[in-house]
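Asker: The structure's right below; bear with me while I get my questions together.
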Amino acid sequence: MRFTPAFLDDLRERLPVSEVVGRRVKLRRQGREYAGLSPFNAEKTPSFFVNDQKGFYHCFSSGKHGDVFKFLMETEGVSFPEAVERIADMAGVPIPKESPEEARRAEARAGLVEIMEMAARFFEGELQGRAGASARGYLAGRAISPQTQADFRMGYAPNDRGALRGHLRKQGVPVADMVEAGLLVSGEDVAEPFDRFRDRVMFPIQDARGRIIAFGGRAMSADAQAKYLNSPETPLFHKGATLYNHHRARAAAQAAGAVVAVEGYVDVIALAAAGIGHVVAPLGTALTADQLELMWKMAAEPILCFDGDKAGRRAGFRAIETALPLLQPGRSLRFAFLPEGQDPDDLVRAEGRSAVDAVLAGAAPLVDMLWAREFDAGPTDTPERAAAFERRLRDALGSIRDETVKRHYQTAVENRLASFGRPASGGRRERQPRGGARPPRGGQGRGGPWTPPAPSLAASATLRASPMMGTGAGRLPGRETALALAMVNHPDLLDELAETYAELEFTARELDRLRRATLDAYADGAADREAMRAALAASGHGELLERADQALLSSNWWVMEADPADAAVGWRHASALHTKVRALHRELRAAEQDFGRDFTDENFRRIVEIQRQLSTVEGSEASIDGFGGASGRTLRSM
């Protein structure tokens with residue numbers, strides 16, 4: 001029996017090598033691979049390795065190497081057709097019947113692939129011609145270089161209902177085939193099929209083998225009914241089972257040990273051009289189970305990178321719903337949220353790859369996002385509402401099919417819930433660490449006598465600082481703002497504190513840029529408030545200064561009217577406190593990771609102790625007697 005390459009590729013994609021091999025060999029994860037004793041030779045030290053991302057096994061003791069089909073042939077002595085049948089049975093995929101009709105369908109699909117390639121070449125040529133001038137201008141404005149355009153085979157569809165149809169007709173392509181490929185629009189109310197894509201920048205969509213199977217088009221006109229338009233479902237293209245840039249990202253993901261999913265074509269292209277090649281995107285819809293399976297073939301914990309707005313938050317929550325039933329030991333997701341108002345394309349153009357790397361490095365685990373989602377779903381300011389929150393969490397865990405994963409999630413969630421509103425020794429409820437389990441921005445859980453839970457496995461600092469946790473763009477962190485503005489309002493403090501200020505670690509990128517600009521202005525001779533503010537305004541920081549002033553005025557912070565002596569004392573106190581808090585957050589993150597690797601009471605107690613210290617440090621509103629001089633204000637150190 002002859003099996004088509006597409007059918008064999010589908011089986012390889014559906015069934016990881018480790019699952020097939022694991023039925024015969026006891027495997028243990030080692031980094032990106034699995035290791036076990038050779039099934040071909042007797043040995044005491046494992047020399048047999050399986051790599052799901054590459055789709056192969058390798059036995060160093062015997063030199064044998066192959067895929068899932070070869071493994072069954074080597075270990076069970078079956079023929080290739082028998083091995084394919086067994087793998088298909090394991091995957092629950094029926095064997096295609098070898099019939100004249102099936103042969104005709106395979107030939108038709110091959111013909112459609114050829115037509116799509118011809119269409120892609122037409123669009124590429126149009127982009128470089130006179131008609132594509134505005135499209136080239138748009139791409140230049142998005143900082144997409146000609147080389148990148150060529151690498152991704154970008155093109156332009158002319159604003160003509162029959163341009164592509166006429167071109168393909170000259171090549172002998174029947175109109176019916178163009179319709180089947182999704183290139184033309186047809187129907188009972190359409191007198192003559194016409195080009196689906198018109199006046200659009202074109203993004204070819206390729207399958208896992210790099211063959212063009214569909215297109216996405218970005219409208220050039222602001223009046224277009226749809227800004228982005230994808231090909232319809234065709235014999236080649238199934239939107240929910242395809243990832244944009246999949247074929248390029250597979251190799252890059254293997255090298256990086258990670259894969260990142262963003263929301264759009266241009267985001268993928270911008271990150272790839274910046275050197276982040278292990279990036280894919282769904283095709284205009286929420287992530288599907290099939291797309292998650294494709295990503296898990298590339299990396300054990302894909303990072304889903306969303307825009308830092310309400311839509312991004314909702315997309316992250318939908319992904320949780322899809323992922324929970326599919327989780328397996330060692331297979332999960334992480335979530336990264338961009339600064340509000342920015343997408344990956346914006347961020348990489350404005351601040352470079354390092355800014356994107358920082359966002360990805362701080363991606364939060366799925367358990368943090370699950371907690372945030374359920375907290376966002378309703379208030380927790382009464383015992384009854386808190387009980388509803390707990391029930392939502394436990395109900396969500398019920399969708400996890402793998403019993404081992406479910407048990408560990410239950411342990412993690414129960415540990416967090418154990419601290420939910422726990423009374424302190426004096427009978428009062430403990431003050432919770434700021435941000436430890438704060439609801440996402442716009443949530444209803446703030447306020448009231450029933451305080452938000454301090455999870456035993458606190459959310460990472462990055463998640464707490466993200467728009468998901470209520471401190472997005474436009475809301476500057478108070479202590480950091482005070483530390484930065486003190487130096488703006490009192491540049492003379494830098495005579496003694498410039499080195500300390502230069503080494504201070506800020507979490508807000510805007511304030512970190514302001515810190516550097518302040519030091520530069522001081523070095524250039526800005527010695528008083530007026531000169532400093534003028535220099536910062538000239539360097540493009542005027543709007544940020546206004547926002548910082550308003551943030552502190554509305555919060556009654558000490559910086560605004562402090563005299564120089566008080567400002568020096570206050571700054572030293574606040575900077576020391578800030579340094580202590582940052583150190584504790586680093587310790588907490590390390591403790592979380594240790595607990596994730598080893599669920600022991602000792603590791604759990606370490607987390608609780610660090611949280612207690614954070615609660616003490618961050619909850620103290622320290623005052624210094626006599627601070628403020630004529631203003632009569634007291635120091636708010638936080």
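Here, A, B, ... name the chains of the structure tokens in the order displayed, residue numbers run from 1 inside each chain, and ligands are numbered from 1 in the same displayed order.
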Please run DSSP on the backbone and report, as number ranges by chain, all residues within segment 94-208 of chain A that come out as strand (DSSP E or B).
Answerer: A: 155-157, 184-185, 194-195, 200-206
Asker: Please identify every residue of segment 95-203 of chain A that has at least one atom no farther than 12 Å from an atom of segment 342-352 of chain A, counting only C-alpha atoms, and for each give the shortest atom pair and the distance in Å to one decimal, arranged by chain then increasing number, as a tab-separated table.
Answerer:
```
residue	atom	partner	partner_atom	distance
A:Gly141	CA	A:Arg349	CA	10.8
A:Arg142	CA	A:Asp345	CA	8.2
A:Ala143	CA	A:Arg349	CA	7.6
A:Ile144	CA	A:Asp345	CA	10.2
```
Asker: May I have the residues from that selection written out with N, CA and C atoms, as a CSV table (one decimal), in the first residue's frame?
Answerer:
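Printed below is selection38.csv as written:
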```csv
chain,number,residue,atom,x,y,z
A,141,GLY,N,7.1,51.8,6.3
A,141,GLY,CA,6.7,52.4,7.5
A,141,GLY,C,6.6,51.5,8.7
A,142,ARG,N,6.4,50.2,8.4
A,142,ARG,CA,6.4,49.2,9.5
A,142,ARG,C,7.8,48.6,9.7
A,143,ALA,N,8.8,49.3,9.1
A,143,ALA,CA,10.2,48.8,9.2
A,143,ALA,C,10.5,47.4,8.8
A,144,ILE,N,9.7,47.0,7.8
A,144,ILE,CA,9.9,45.7,7.2
A,144,ILE,C,10.8,45.8,5.9
```
Asker: For Gly22 of chain A, which residue out of A:Val68, A:Leu397, A:Leu327, A:Ala484 is the nearest one, using only C-alpha atoms?
Answerer: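 Ranked by minimum distance to Gly22 of chain A, first place goes to A:Val68.
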Asker: For Gly257 of chain A, which residue out of A:Val185, A:Ala300, A:Leu229, A:Val405 is the nearest one, using only C-alpha atoms?
Answerer: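 The shortest atom-to-atom distance to Gly257 of chain A comes from A:Ala300.
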Asker: Check the smallest atom-to-atom distance from each of A:Ala396, A:Ala418, A:Ala311, A:Leu360 to Leu324 of chain A using only C-alpha atoms, then report the winner.
Answerer: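 Using only C-alpha atoms, Leu324 of chain A sits closest to A:Ala396.
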Asker: For Lys297 of chain A, which of A:Glu43, A:Glu496, A:Glu126, A:Asp52 is the closest residue, counting only C-alpha atoms?
Answerer: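 That would be A:Asp52, the residue with the smallest distance to Lys297 of chain A.
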Asker: Rounded to one decimal place, report the atom CA of Val608 of chain A-atom CA of Trp571 of chain A distance in Å.
Answerer: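 If I compute the distance from atom CA of Val608 of chain A to atom CA of Trp571 of chain A, I get 29.7 Å.
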Asker: Need to verify the contact set: segment 151-162 of chain A, 6 Å, only C-alpha atoms, exclusion of same-chain residues closer than 2 positions in sequence. Can you return it as a PyMOL selection string?
Answerer: chain A and resi 123-124+126-127+148-149+164-166+194-195+197-203
Asker: Work out how far atom CA of Asp495 of chain A is from atom CA of Glu530 of chain A, in Å to one decimal.
Answerer: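 Separation of atom CA of Glu530 of chain A and atom CA of Asp495 of chain A: 17.0 Å.
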Asker: Write out as a PyMOL selection string each polymer residue whose atoms come within 12 Å of Asp528 of chain A, counting only C-alpha atoms; drop sequence neighbours fewer than 5 positions from it.
Answerer: chain A and resi 486-495+518+521-522+533-535+564
Asker: Measuring between only C-alpha atoms, which one of A:Arg334, A:Arg250, A:Lys239, A:Lys170 shows the shortest distance to Asp290 of chain A?
Answerer: A:Lys239
